[in-house]
file protein13.cif (mmCIF, C-alpha atoms, pLDDT in the B column; chains and numbers go by the auth columns)
data_protein
#
loop_
_atom_site.group_PDB
_atom_site.id
_atom_site.type_symbol
_atom_site.label_atom_id
_atom_site.label_comp_id
_atom_site.label_asym_id
_atom_site.label_seq_id
_atom_site.Cartn_x
_atom_site.Cartn_y
_atom_site.Cartn_z
_atom_site.B_iso_or_equiv
_atom_site.auth_seq_id
_atom_site.auth_asym_id
ATOM 1 C CA MET A 1 108.742 -25.823 5.414 81.00 1 A
ATOM 2 C CA ARG A 2 105.433 -24.699 6.930 89.00 2 A
ATOM 3 C CA VAL A 3 103.581 -26.952 9.375 94.00 3 A
ATOM 4 C CA LEU A 4 100.029 -26.681 10.717 96.00 4 A
ATOM 5 C CA LEU A 5 99.750 -28.091 14.251 97.00 5 A
ATOM 6 C CA VAL A 6 96.272 -28.911 15.598 97.00 6 A
ATOM 7 C CA GLU A 7 96.467 -29.789 19.298 96.00 7 A
ATOM 8 C CA ASP A 8 94.131 -28.764 22.133 95.00 8 A
ATOM 9 C CA ASP A 9 96.497 -29.624 25.009 94.00 9 A
ATOM 10 C CA GLU A 10 98.097 -26.276 25.857 95.00 10 A
ATOM 11 C CA GLN A 11 101.236 -27.717 27.447 95.00 11 A
ATOM 12 C CA LEU A 12 101.910 -30.206 24.661 95.00 12 A
ATOM 13 C CA GLY A 13 100.997 -27.741 21.947 95.00 13 A
ATOM 14 C CA GLU A 14 103.321 -25.082 23.332 95.00 14 A
ATOM 15 C CA SER A 15 106.163 -27.590 23.633 96.00 15 A
ATOM 16 C CA LEU A 16 105.675 -28.851 20.075 96.00 16 A
ATOM 17 C CA GLU A 17 105.407 -25.340 18.655 95.00 17 A
ATOM 18 C CA THR A 18 108.670 -24.329 20.340 95.00 18 A
ATOM 19 C CA ALA A 19 110.488 -27.509 19.293 95.00 19 A
ATOM 20 C CA LEU A 20 109.375 -27.215 15.673 94.00 20 A
ATOM 21 C CA ARG A 21 110.474 -23.599 15.451 91.00 21 A
ATOM 22 C CA LEU A 22 113.869 -24.519 16.887 90.00 22 A
ATOM 23 C CA GLU A 23 114.146 -27.029 14.023 88.00 23 A
ATOM 24 C CA GLN A 24 113.543 -24.144 11.598 83.00 24 A
ATOM 25 C CA TYR A 25 109.971 -25.078 10.678 90.00 25 A
ATOM 26 C CA ALA A 26 107.426 -22.301 10.274 89.00 26 A
ATOM 27 C CA VAL A 27 104.581 -23.568 12.457 94.00 27 A
ATOM 28 C CA ASP A 28 101.036 -22.358 13.088 95.00 28 A
ATOM 29 C CA TRP A 29 99.031 -23.782 15.995 96.00 29 A
ATOM 30 C CA LEU A 30 95.271 -24.339 16.166 96.00 30 A
ATOM 31 C CA ARG A 31 93.533 -25.540 19.352 95.00 31 A
ATOM 32 C CA SER A 32 90.431 -27.055 17.711 95.00 32 A
ATOM 33 C CA GLY A 33 89.329 -28.736 14.512 93.00 33 A
ATOM 34 C CA GLU A 34 86.747 -26.185 13.358 94.00 34 A
ATOM 35 C CA PRO A 35 89.110 -23.727 11.614 94.00 35 A
ATOM 36 C CA VAL A 36 91.349 -26.332 9.948 94.00 36 A
ATOM 37 C CA ARG A 37 89.542 -26.462 6.627 91.00 37 A
ATOM 38 C CA ALA A 38 89.457 -22.681 6.208 91.00 38 A
ATOM 39 C CA THR A 39 93.064 -22.343 7.333 92.00 39 A
ATOM 40 C CA LEU A 40 94.284 -24.891 4.791 91.00 40 A
ATOM 41 C CA GLY A 41 92.291 -23.102 2.106 86.00 41 A
ATOM 42 C CA ALA A 42 93.941 -19.778 2.894 84.00 42 A
ATOM 43 C CA THR A 43 97.565 -20.760 3.549 85.00 43 A
ATOM 44 C CA PRO A 44 99.872 -23.295 1.827 85.00 44 A
ATOM 45 C CA TYR A 45 101.316 -25.920 4.185 91.00 45 A
ATOM 46 C CA ASP A 46 103.747 -28.796 3.749 90.00 46 A
ATOM 47 C CA LEU A 47 102.456 -30.949 6.629 94.00 47 A
ATOM 48 C CA LEU A 48 99.511 -31.255 9.031 96.00 48 A
ATOM 49 C CA ILE A 49 100.112 -32.610 12.551 97.00 49 A
ATOM 50 C CA LEU A 50 96.638 -33.508 13.806 96.00 50 A
ATOM 51 C CA ASP A 51 95.525 -34.620 17.262 94.00 51 A
ATOM 52 C CA LEU A 52 92.540 -36.983 17.219 91.00 52 A
ATOM 53 C CA GLY A 53 91.133 -35.983 20.633 89.00 53 A
ATOM 54 C CA LEU A 54 90.001 -32.479 19.724 91.00 54 A
ATOM 55 C CA PRO A 55 87.042 -30.611 21.233 88.00 55 A
ATOM 56 C CA GLY A 56 84.115 -29.850 18.953 87.00 56 A
ATOM 57 C CA VAL A 57 85.069 -31.354 15.605 92.00 57 A
ATOM 58 C CA PRO A 58 87.085 -34.562 16.272 92.00 58 A
ATOM 59 C CA GLY A 59 90.408 -35.039 14.511 92.00 59 A
ATOM 60 C CA MET A 60 89.132 -38.082 12.598 93.00 60 A
ATOM 61 C CA GLN A 61 86.298 -36.003 11.153 94.00 61 A
ATOM 62 C CA VAL A 62 88.786 -33.300 10.155 94.00 62 A
ATOM 63 C CA LEU A 63 90.940 -35.921 8.417 94.00 63 A
ATOM 64 C CA ARG A 64 88.045 -37.507 6.537 93.00 64 A
ATOM 65 C CA GLN A 65 86.786 -34.124 5.346 93.00 65 A
ATOM 66 C CA LEU A 66 90.284 -33.209 4.224 91.00 66 A
ATOM 67 C CA ARG A 67 90.532 -36.338 2.081 91.00 67 A
ATOM 68 C CA ALA A 68 86.969 -35.891 0.809 90.00 68 A
ATOM 69 C CA ASP A 69 88.108 -32.472 -0.432 88.00 69 A
ATOM 70 C CA LYS A 70 90.906 -34.267 -2.356 84.00 70 A
ATOM 71 C CA HIS A 71 93.550 -32.460 -0.301 86.00 71 A
ATOM 72 C CA ALA A 72 96.876 -34.297 -0.703 83.00 72 A
ATOM 73 C CA LEU A 73 98.626 -32.654 2.264 91.00 73 A
ATOM 74 C CA PRO A 74 100.607 -35.216 4.347 93.00 74 A
ATOM 75 C CA VAL A 75 98.941 -35.841 7.725 95.00 75 A
ATOM 76 C CA LEU A 76 100.637 -37.112 10.874 96.00 76 A
ATOM 77 C CA LEU A 77 98.128 -38.164 13.539 94.00 77 A
ATOM 78 C CA LEU A 78 98.810 -37.723 17.256 92.00 78 A
ATOM 79 C CA THR A 79 96.689 -39.699 19.695 87.00 79 A
ATOM 80 C CA ALA A 80 96.587 -41.354 23.078 84.00 80 A
ATOM 81 C CA ARG A 81 94.706 -44.310 21.539 77.00 81 A
ATOM 82 C CA HIS A 82 96.960 -47.352 21.365 73.00 82 A
ATOM 83 C CA THR A 83 94.827 -50.135 19.879 77.00 83 A
ATOM 84 C CA LEU A 84 95.510 -51.667 16.486 77.00 84 A
ATOM 85 C CA GLU A 85 91.914 -50.918 15.467 80.00 85 A
ATOM 86 C CA ASP A 86 92.440 -47.190 16.142 78.00 86 A
ATOM 87 C CA LYS A 87 95.638 -47.148 14.080 79.00 87 A
ATOM 88 C CA VAL A 88 94.048 -48.996 11.173 83.00 88 A
ATOM 89 C CA ASP A 89 91.042 -46.653 11.264 85.00 89 A
ATOM 90 C CA GLY A 90 93.311 -43.602 11.161 84.00 90 A
ATOM 91 C CA LEU A 91 95.421 -44.885 8.292 86.00 91 A
ATOM 92 C CA ASP A 92 92.380 -46.072 6.321 88.00 92 A
ATOM 93 C CA SER A 93 90.830 -42.637 6.770 89.00 93 A
ATOM 94 C CA GLY A 94 93.754 -41.042 4.951 90.00 94 A
ATOM 95 C CA ALA A 95 96.512 -40.425 7.494 92.00 95 A
ATOM 96 C CA ASP A 96 100.071 -40.846 6.259 92.00 96 A
ATOM 97 C CA ASP A 97 101.508 -41.766 9.663 92.00 97 A
ATOM 98 C CA TYR A 98 100.398 -42.313 13.253 90.00 98 A
ATOM 99 C CA LEU A 99 102.206 -41.475 16.503 91.00 99 A
ATOM 100 C CA THR A 100 100.861 -42.463 19.926 90.00 100 A
ATOM 101 C CA LYS A 101 101.297 -40.354 23.056 90.00 101 A
ATOM 102 C CA PRO A 102 103.561 -40.097 24.923 89.00 102 A
ATOM 103 C CA PHE A 103 106.351 -39.950 22.346 92.00 103 A
ATOM 104 C CA GLU A 104 109.940 -38.768 22.123 93.00 104 A
ATOM 105 C CA ILE A 105 110.478 -35.530 20.211 94.00 105 A
ATOM 106 C CA ASP A 106 113.269 -37.117 18.161 93.00 106 A
ATOM 107 C CA GLU A 107 110.833 -39.743 16.885 94.00 107 A
ATOM 108 C CA LEU A 108 108.386 -37.013 15.906 94.00 108 A
ATOM 109 C CA PHE A 109 111.089 -35.203 13.946 94.00 109 A
ATOM 110 C CA ALA A 110 112.146 -38.435 12.236 92.00 110 A
ATOM 111 C CA ARG A 111 108.577 -39.125 11.144 92.00 111 A
ATOM 112 C CA ILE A 112 108.183 -35.553 9.899 92.00 112 A
ATOM 113 C CA ARG A 113 111.358 -35.842 7.826 89.00 113 A
ATOM 114 C CA SER A 114 110.159 -39.150 6.406 87.00 114 A
ATOM 115 C CA LEU A 115 106.775 -37.732 5.405 88.00 115 A
ATOM 116 C CA LEU A 116 108.330 -34.673 3.788 83.00 116 A
ATOM 117 C CA ARG A 117 110.800 -36.847 1.862 78.00 117 A
ATOM 118 C CA ARG A 118 107.968 -39.007 0.597 77.00 118 A
ATOM 119 C CA ARG A 119 106.060 -35.924 -0.480 71.00 119 A
ATOM 120 C CA GLU A 120 109.047 -34.570 -2.374 65.00 120 A
ATOM 121 C CA ASP A 121 109.604 -37.951 -4.015 58.00 121 A
ATOM 122 C CA ARG A 122 106.037 -37.839 -5.313 53.00 122 A
ATOM 123 C CA ARG A 123 106.520 -34.334 -6.657 55.00 123 A
ATOM 124 C CA LEU A 124 110.002 -34.014 -8.100 54.00 124 A
ATOM 125 C CA THR A 125 113.265 -35.146 -6.569 65.00 125 A
ATOM 126 C CA ARG A 126 115.366 -32.350 -8.016 79.00 126 A
ATOM 127 C CA LEU A 127 114.349 -28.961 -9.396 86.00 127 A
ATOM 128 C CA GLU A 128 116.491 -27.303 -12.040 88.00 128 A
ATOM 129 C CA VAL A 129 116.223 -23.824 -13.499 89.00 129 A
ATOM 130 C CA ALA A 130 118.659 -21.072 -14.527 85.00 130 A
ATOM 131 C CA ALA A 131 121.800 -23.069 -13.590 89.00 131 A
ATOM 132 C CA ILE A 132 120.275 -23.802 -10.161 93.00 132 A
ATOM 133 C CA SER A 133 119.823 -27.400 -9.044 92.00 133 A
ATOM 134 C CA LEU A 134 117.724 -27.735 -5.883 90.00 134 A
ATOM 135 C CA ASP A 135 116.893 -30.878 -3.917 86.00 135 A
ATOM 136 C CA PRO A 136 113.933 -30.043 -1.614 81.00 136 A
ATOM 137 C CA ALA A 137 114.048 -33.324 0.332 72.00 137 A
ATOM 138 C CA GLU A 138 117.743 -33.174 1.217 76.00 138 A
ATOM 139 C CA LYS A 139 117.884 -29.357 1.413 82.00 139 A
ATOM 140 C CA LEU A 140 120.771 -29.212 -1.071 88.00 140 A
ATOM 141 C CA VAL A 141 121.381 -26.545 -3.687 93.00 141 A
ATOM 142 C CA GLU A 142 123.966 -26.197 -6.433 93.00 142 A
ATOM 143 C CA PHE A 143 124.664 -23.250 -8.698 93.00 143 A
ATOM 144 C CA GLN A 144 126.674 -23.750 -11.862 89.00 144 A
ATOM 145 C CA GLY A 145 127.771 -27.122 -10.490 87.00 145 A
ATOM 146 C CA GLU A 146 129.000 -25.842 -7.120 91.00 146 A
ATOM 147 C CA SER A 147 127.302 -26.601 -3.780 92.00 147 A
ATOM 148 C CA LEU A 148 126.097 -23.657 -1.723 92.00 148 A
ATOM 149 C CA ASP A 149 125.168 -23.450 1.957 92.00 149 A
ATOM 150 C CA LEU A 150 121.996 -21.438 2.507 91.00 150 A
ATOM 151 C CA THR A 151 120.148 -20.603 5.702 88.00 151 A
ATOM 152 C CA ALA A 152 116.753 -22.277 6.194 84.00 152 A
ATOM 153 C CA ARG A 153 114.865 -19.126 5.201 87.00 153 A
ATOM 154 C CA GLU A 154 117.098 -18.404 2.215 91.00 154 A
ATOM 155 C CA PHE A 155 116.469 -21.955 1.024 91.00 155 A
ATOM 156 C CA ALA A 156 112.709 -21.646 1.598 89.00 156 A
ATOM 157 C CA ILE A 157 112.455 -18.460 -0.466 91.00 157 A
ATOM 158 C CA LEU A 158 114.625 -19.890 -3.228 94.00 158 A
ATOM 159 C CA GLU A 159 112.517 -23.070 -3.349 91.00 159 A
ATOM 160 C CA ILE A 160 109.297 -21.080 -3.726 91.00 160 A
ATOM 161 C CA LEU A 161 110.808 -19.009 -6.539 94.00 161 A
ATOM 162 C CA VAL A 162 112.230 -22.068 -8.313 92.00 162 A
ATOM 163 C CA ARG A 163 108.919 -23.958 -8.078 89.00 163 A
ATOM 164 C CA ASN A 164 107.192 -20.914 -9.600 91.00 164 A
ATOM 165 C CA ALA A 165 109.877 -20.171 -12.211 91.00 165 A
ATOM 166 C CA GLY A 166 108.530 -17.829 -14.869 91.00 166 A
ATOM 167 C CA ARG A 167 105.786 -16.471 -12.583 91.00 167 A
ATOM 168 C CA PHE A 168 105.938 -13.539 -10.189 94.00 168 A
ATOM 169 C CA VAL A 169 105.513 -14.451 -6.511 92.00 169 A
ATOM 170 C CA SER A 170 104.181 -11.820 -4.138 91.00 170 A
ATOM 171 C CA ARG A 171 106.043 -10.674 -1.049 87.00 171 A
ATOM 172 C CA GLN A 172 103.137 -11.909 1.091 86.00 172 A
ATOM 173 C CA ARG A 173 103.455 -15.433 -0.356 87.00 173 A
ATOM 174 C CA LEU A 174 107.175 -15.449 0.418 88.00 174 A
ATOM 175 C CA GLU A 175 106.524 -14.221 3.962 85.00 175 A
ATOM 176 C CA GLU A 176 103.974 -17.014 4.458 81.00 176 A
ATOM 177 C CA GLY A 177 106.625 -19.541 3.447 79.00 177 A
ATOM 178 C CA ILE A 178 109.107 -18.520 6.143 78.00 178 A
ATOM 179 C CA TYR A 179 107.149 -17.101 9.097 71.00 179 A
ATOM 180 C CA SER A 180 104.697 -18.551 11.593 64.00 180 A
ATOM 181 C CA TRP A 181 101.647 -16.708 12.896 59.00 181 A
ATOM 182 C CA GLY A 182 102.519 -14.153 15.504 57.00 182 A
ATOM 183 C CA GLU A 183 106.139 -13.776 14.449 60.00 183 A
ATOM 184 C CA GLU A 184 107.069 -10.178 13.836 59.00 184 A
ATOM 185 C CA VAL A 185 107.827 -9.587 10.165 59.00 185 A
ATOM 186 C CA GLY A 186 109.944 -6.591 9.308 61.00 186 A
ATOM 187 C CA SER A 187 108.776 -4.369 6.484 66.00 187 A
ATOM 188 C CA ASN A 188 111.843 -5.205 4.393 79.00 188 A
ATOM 189 C CA THR A 189 112.501 -8.777 5.543 84.00 189 A
ATOM 190 C CA VAL A 190 111.848 -10.393 2.168 88.00 190 A
ATOM 191 C CA GLU A 191 113.943 -7.757 0.431 90.00 191 A
ATOM 192 C CA VAL A 192 116.853 -8.603 2.747 90.00 192 A
ATOM 193 C CA TYR A 193 116.695 -12.298 1.850 91.00 193 A
ATOM 194 C CA ILE A 194 116.300 -11.517 -1.851 93.00 194 A
ATOM 195 C CA SER A 195 119.406 -9.323 -1.613 94.00 195 A
ATOM 196 C CA ARG A 196 121.343 -12.168 0.011 93.00 196 A
ATOM 197 C CA LEU A 197 120.274 -14.583 -2.714 95.00 197 A
ATOM 198 C CA ARG A 198 121.303 -12.142 -5.429 94.00 198 A
ATOM 199 C CA LYS A 199 124.759 -11.953 -3.864 93.00 199 A
ATOM 200 C CA ARG A 200 124.976 -15.746 -4.070 91.00 200 A
ATOM 201 C CA PHE A 201 123.481 -16.247 -7.527 92.00 201 A
ATOM 202 C CA GLY A 202 124.121 -12.966 -9.317 90.00 202 A
ATOM 203 C CA SER A 203 122.234 -9.694 -9.368 87.00 203 A
ATOM 204 C CA THR A 204 120.182 -10.537 -12.496 88.00 204 A
ATOM 205 C CA LEU A 205 118.844 -13.937 -11.434 89.00 205 A
ATOM 206 C CA ILE A 206 115.817 -12.706 -9.468 94.00 206 A
ATOM 207 C CA GLU A 207 113.643 -10.132 -11.189 94.00 207 A
ATOM 208 C CA THR A 208 111.499 -7.604 -9.321 93.00 208 A
ATOM 209 C CA MET A 209 108.252 -6.051 -10.488 92.00 209 A
ATOM 210 C CA ARG A 210 107.236 -3.267 -8.140 89.00 210 A
ATOM 211 C CA GLY A 211 103.873 -3.931 -6.535 88.00 211 A
ATOM 212 C CA VAL A 212 103.728 -7.470 -7.959 92.00 212 A
ATOM 213 C CA GLY A 213 106.604 -9.529 -6.592 93.00 213 A
ATOM 214 C CA TYR A 214 109.685 -11.506 -7.590 95.00 214 A
ATOM 215 C CA ARG A 215 110.489 -14.214 -10.089 94.00 215 A
ATOM 216 C CA ILE A 216 113.228 -16.387 -11.517 94.00 216 A
ATOM 217 C CA PRO A 217 112.824 -16.564 -15.317 90.00 217 A
ATOM 218 C CA ALA A 218 111.980 -20.033 -16.587 83.00 218 A
#

call {"tool": "encode", "arguments": {"input": "protein13.cif", "output": "structure tokens"}}
result
Amino acid sequence: MRVLLVEDDEQLGESLETALRLEQYAVDWLRSGEPVRATLGATPYDLLILDLGLPGVPGMQVLRQLRADKHALPVLLLTARHTLEDKVDGLDSGADDYLTKPFEIDELFARIRSLLRRREDRRLTRLEVAAISLDPAEKLVEFQGESLDLTAREFAILEILVRNAGRFVSRQRLEEGIYSWGEEVGSNTVEVYISRLRKRFGSTLIETMRGVGYRIPA
């Protein structure tokens, strides 16, 4: 799962970025609201964590523009504002949840899991293709009726391929699904994970087209 964090407080932002990565989320961190729209247009994300008290373009303006663009990305607001009016305003403007500062990191993770489950429920609870049954919300996968334990990045790559069954997915798109900005990506990282998946699911499951990408036949 890839998360976009927008937080101008350096100490809090660094702490959240580290905590999210330890929970196996790919996370990118912006310090202001100006680049959010362009960033969301260039990279696919599963969740936006948005601080309201941003310099320049306020978080509420970012949120309203996002919804005006018909962007359905789940949004979790972070704010030091505690009044009921502020919460109602945030939710009415299109936020999916609202967390006031200071907060416990476990509560943040619980709210993230809840938002991601709700998103998966709206999409499709279980994905099935080529004898693979994949539950994105619960992070469960079965192959030919047997449960398999995959690493977080193996699961992320498999989910992208399953969601795009029948279409080739580029190596860059797969890298974007498992790495945050600034993380060093080895030249053959995707190939390593594809090799691991082929060992689990059979050598013919994932097709390769040189210079194009990878696919699971529909």

call {"tool": "resolve_selection", "arguments": {"input": "protein13.cif", "expression": "the PyMOL selection byres ((chain A and resi 13-20) around 10)", "output": "ChimeraX atom specification"}}
result
/A:2-12,21-31,51,105,108-109,180

call {"tool": "write_last_selection", "arguments": {"input": "protein13.cif", "atoms": "C-alpha atoms", "output": "tab-separated table (two decimals), in the frame of the given file"}}
result
chain	number	residue	atom	x	y	z
A	2	ARG	CA	105.43	-24.70	6.93
A	3	VAL	CA	103.58	-26.95	9.38
A	4	LEU	CA	100.03	-26.68	10.72
A	5	LEU	CA	99.75	-28.09	14.25
A	6	VAL	CA	96.27	-28.91	15.60
A	7	GLU	CA	96.47	-29.79	19.30
A	8	ASP	CA	94.13	-28.76	22.13
A	9	ASP	CA	96.50	-29.62	25.01
A	10	GLU	CA	98.10	-26.28	25.86
A	11	GLN	CA	101.24	-27.72	27.45
A	12	LEU	CA	101.91	-30.21	24.66
A	21	ARG	CA	110.47	-23.60	15.45
A	22	LEU	CA	113.87	-24.52	16.89
A	23	GLU	CA	114.15	-27.03	14.02
A	24	GLN	CA	113.54	-24.14	11.60
A	25	TYR	CA	109.97	-25.08	10.68
A	26	ALA	CA	107.43	-22.30	10.27
A	27	VAL	CA	104.58	-23.57	12.46
A	28	ASP	CA	101.04	-22.36	13.09
A	29	TRP	CA	99.03	-23.78	16.00
A	30	LEU	CA	95.27	-24.34	16.17
A	31	ARG	CA	93.53	-25.54	19.35
A	51	ASP	CA	95.52	-34.62	17.26
A	105	ILE	CA	110.48	-35.53	20.21
A	108	LEU	CA	108.39	-37.01	15.91
A	109	PHE	CA	111.09	-35.20	13.95
A	180	SER	CA	104.70	-18.55	11.59

call {"tool": "atom_distance", "arguments": {"input": "protein13.cif", "atom1": "CA of Phe103 in chain A", "atom2": "CA of Glu85 in chain A"}}
result
19.4 Å

call {"tool": "resolve_selection", "arguments": {"input": "protein13.cif", "expression": "the PyMOL selection byres ((chain A and resi 61) around 12)", "output": "list in words"}}
result
Ser32, Gly33, Glu34, Val36, Arg37, Leu50, Asp51, Leu52, Gly53, Leu54, Pro55, Gly56, Val57, Pro58, Gly59, Met60, Val62, Leu63, Arg64, Gln65, Leu66, Arg67, Ala68, Asp89, Gly90, Ser93, Gly94 and Ala95 of chain A

call {"tool": "residues_around", "arguments": {"input": "protein13.cif", "residues": "range 133-149 of chain A", "least_positions_apart": "4", "cutoff": "10 Å", "atoms": "only C-alpha atoms", "output": "CSV table (one decimal) with C-alpha atoms, keeping the file's coordinate frame"}}
result
chain,number,residue,atom,x,y,z
A,1,MET,CA,108.7,-25.8,5.4
A,113,ARG,CA,111.4,-35.8,7.8
A,114,SER,CA,110.2,-39.2,6.4
A,115,LEU,CA,106.8,-37.7,5.4
A,116,LEU,CA,108.3,-34.7,3.8
A,117,ARG,CA,110.8,-36.8,1.9
A,118,ARG,CA,108.0,-39.0,0.6
A,119,ARG,CA,106.1,-35.9,-0.5
A,120,GLU,CA,109.0,-34.6,-2.4
A,121,ASP,CA,109.6,-38.0,-4.0
A,123,ARG,CA,106.5,-34.3,-6.7
A,124,LEU,CA,110.0,-34.0,-8.1
A,125,THR,CA,113.3,-35.1,-6.6
A,126,ARG,CA,115.4,-32.4,-8.0
A,127,LEU,CA,114.3,-29.0,-9.4
A,128,GLU,CA,116.5,-27.3,-12.0
A,129,VAL,CA,116.2,-23.8,-13.5
A,154,GLU,CA,117.1,-18.4,2.2
A,155,PHE,CA,116.5,-22.0,1.0
A,156,ALA,CA,112.7,-21.6,1.6
A,158,LEU,CA,114.6,-19.9,-3.2
A,159,GLU,CA,112.5,-23.1,-3.3
A,162,VAL,CA,112.2,-22.1,-8.3
A,163,ARG,CA,108.9,-24.0,-8.1
A,200,ARG,CA,125.0,-15.7,-4.1
A,201,PHE,CA,123.5,-16.2,-7.5

call {"tool": "residues_around", "arguments": {"input": "protein13.cif", "residues": "Arg173 in chain A", "least_positions_apart": "6", "cutoff": "9 Å", "atoms": "all atoms listed in the file", "output": "VMD selection string"}}
result
chain A and resid 43 to 44 160

call {"tool": "residues_around", "arguments": {"input": "protein13.cif", "residues": "Asp86 in chain A", "least_positions_apart": "5", "cutoff": "12 Å", "atoms": "all atoms listed in the file", "output": "list in words"}}
result
Leu52, Met60, Leu77, Leu78, Thr79, Ala80, Arg81, Leu91, Asp92, Ser93, Ala95, Tyr98, Leu99 and Thr100 of chain A

call {"tool": "atom_distance", "arguments": {"input": "protein13.cif", "atom1": "CA of Ile157 in chain A", "atom2": "CA of His71 in chain A"}}
result
23.5 Å

call {"tool": "closest_residue", "arguments": {"input": "protein13.cif", "among": "A:Ala130, A:Ala165, A:Val88, A:Ala110", "to": "Thr204 in chain A", "atoms": "only C-alpha atoms"}}
result
A:Ala130

call {"tool": "closest_residue", "arguments": {"input": "protein13.cif", "among": "A:Asn164, A:Asn188, A:Lys101, A:Leu47", "to": "Val75 in chain A", "atoms": "all atoms listed in the file"}}
result
A:Leu47

call {"tool": "closest_residue", "arguments": {"input": "protein13.cif", "among": "A:Leu161, A:Leu84, A:Ile132, A:Ile178", "to": "Gly202 in chain A", "atoms": "only C-alpha atoms"}}
result
A:Ile132

call {"tool": "residues_near_point", "arguments": {"input": "protein13.cif", "point": "(112.8, -9.8, -0.7)", "cutoff": "12 Å", "atoms": "all atoms listed in the file", "output": "JSON list (two decimals) with C-alpha atoms, in the frame of the given file"}}
result
[["chain", "number", "residue", "atom", "x", "y", "z"],
["A", 153, "ARG", "CA", 114.86, -19.13, 5.20],
["A", 154, "GLU", "CA", 117.10, -18.40, 2.22],
["A", 157, "ILE", "CA", 112.46, -18.46, -0.47],
["A", 158, "LEU", "CA", 114.62, -19.89, -3.23],
["A", 161, "LEU", "CA", 110.81, -19.01, -6.54],
["A", 169, "VAL", "CA", 105.51, -14.45, -6.51],
["A", 170, "SER", "CA", 104.18, -11.82, -4.14],
["A", 171, "ARG", "CA", 106.04, -10.67, -1.05],
["A", 172, "GLN", "CA", 103.14, -11.91, 1.09],
["A", 173, "ARG", "CA", 103.46, -15.43, -0.36],
["A", 174, "LEU", "CA", 107.18, -15.45, 0.42],
["A", 175, "GLU", "CA", 106.52, -14.22, 3.96],
["A", 178, "ILE", "CA", 109.11, -18.52, 6.14],
["A", 185, "VAL", "CA", 107.83, -9.59, 10.16],
["A", 186, "GLY", "CA", 109.94, -6.59, 9.31],
["A", 187, "SER", "CA", 108.78, -4.37, 6.48],
["A", 188, "ASN", "CA", 111.84, -5.20, 4.39],
["A", 189, "THR", "CA", 112.50, -8.78, 5.54],
["A", 190, "VAL", "CA", 111.85, -10.39, 2.17],
["A", 191, "GLU", "CA", 113.94, -7.76, 0.43],
["A", 192, "VAL", "CA", 116.85, -8.60, 2.75],
["A", 193, "TYR", "CA", 116.70, -12.30, 1.85],
["A", 194, "ILE", "CA", 116.30, -11.52, -1.85],
["A", 195, "SER", "CA", 119.41, -9.32, -1.61],
["A", 196, "ARG", "CA", 121.34, -12.17, 0.01],
["A", 197, "LEU", "CA", 120.27, -14.58, -2.71],
["A", 198, "ARG", "CA", 121.30, -12.14, -5.43],
["A", 206, "ILE", "CA", 115.82, -12.71, -9.47],
["A", 207, "GLU", "CA", 113.64, -10.13, -11.19],
["A", 208, "THR", "CA", 111.50, -7.60, -9.32],
["A", 209, "MET", "CA", 108.25, -6.05, -10.49],
["A", 210, "ARG", "CA", 107.24, -3.27, -8.14],
["A", 212, "VAL", "CA", 103.73, -7.47, -7.96],
["A", 213, "GLY", "CA", 106.60, -9.53, -6.59],
["A", 214, "TYR", "CA", 109.68, -11.51, -7.59],
["A", 215, "ARG", "CA", 110.49, -14.21, -10.09]]

call {"tool": "atom_distance", "arguments": {"input": "protein13.cif", "atom1": "CA of Ala72 in chain A", "atom2": "CA of Leu150 in chain A"}}
result
28.4 Å

call {"tool": "axis_aligned_box", "arguments": {"input": "protein13.cif", "around": "range 201-216 of chain A", "padding_each_side": "3 Å", "output": "lines of an AutoDock Vina configuration file"}}
result
center_x = 113.9
center_y = -9.8
center_z = -9.5
size_x = 26.4
size_y = 19.1
size_z = 12.0

call {"tool": "closest_residue", "arguments": {"input": "protein13.cif", "among": "A:Thr83, A:Leu205, A:Ile216, A:Gly211", "to": "Gly166 in chain A", "atoms": "only C-alpha atoms"}}
result
A:Ile216

call {"tool": "decode", "arguments": {"input": "protein13.cif", "residues": "range 95-109 of chain A", "atoms": "C-alpha atoms", "output": "compact mmCIF listing (two decimals), in the first residue's frame"}}
result
# COMPACT_ATOMS: atom_id res chain seq x y z
CA ALA A 95 -12.51 13.84 4.38
CA ASP A 96 -13.06 10.18 5.23
CA ASP A 97 -11.73 10.47 8.79
CA TYR A 98 -10.35 13.06 11.20
CA LEU A 99 -7.62 12.70 13.83
CA THR A 100 -6.72 15.49 16.26
CA LYS A 101 -3.19 16.14 17.53
CA PRO A 102 -1.64 14.87 19.69
CA PHE A 103 -2.57 11.26 18.94
CA GLU A 104 -1.23 7.79 19.65
CA ILE A 105 0.45 6.05 16.71
CA ASP A 106 -1.61 2.90 17.31
CA GLU A 107 -4.81 4.90 16.81
CA LEU A 108 -3.44 6.30 13.56
CA PHE A 109 -2.67 2.80 12.30
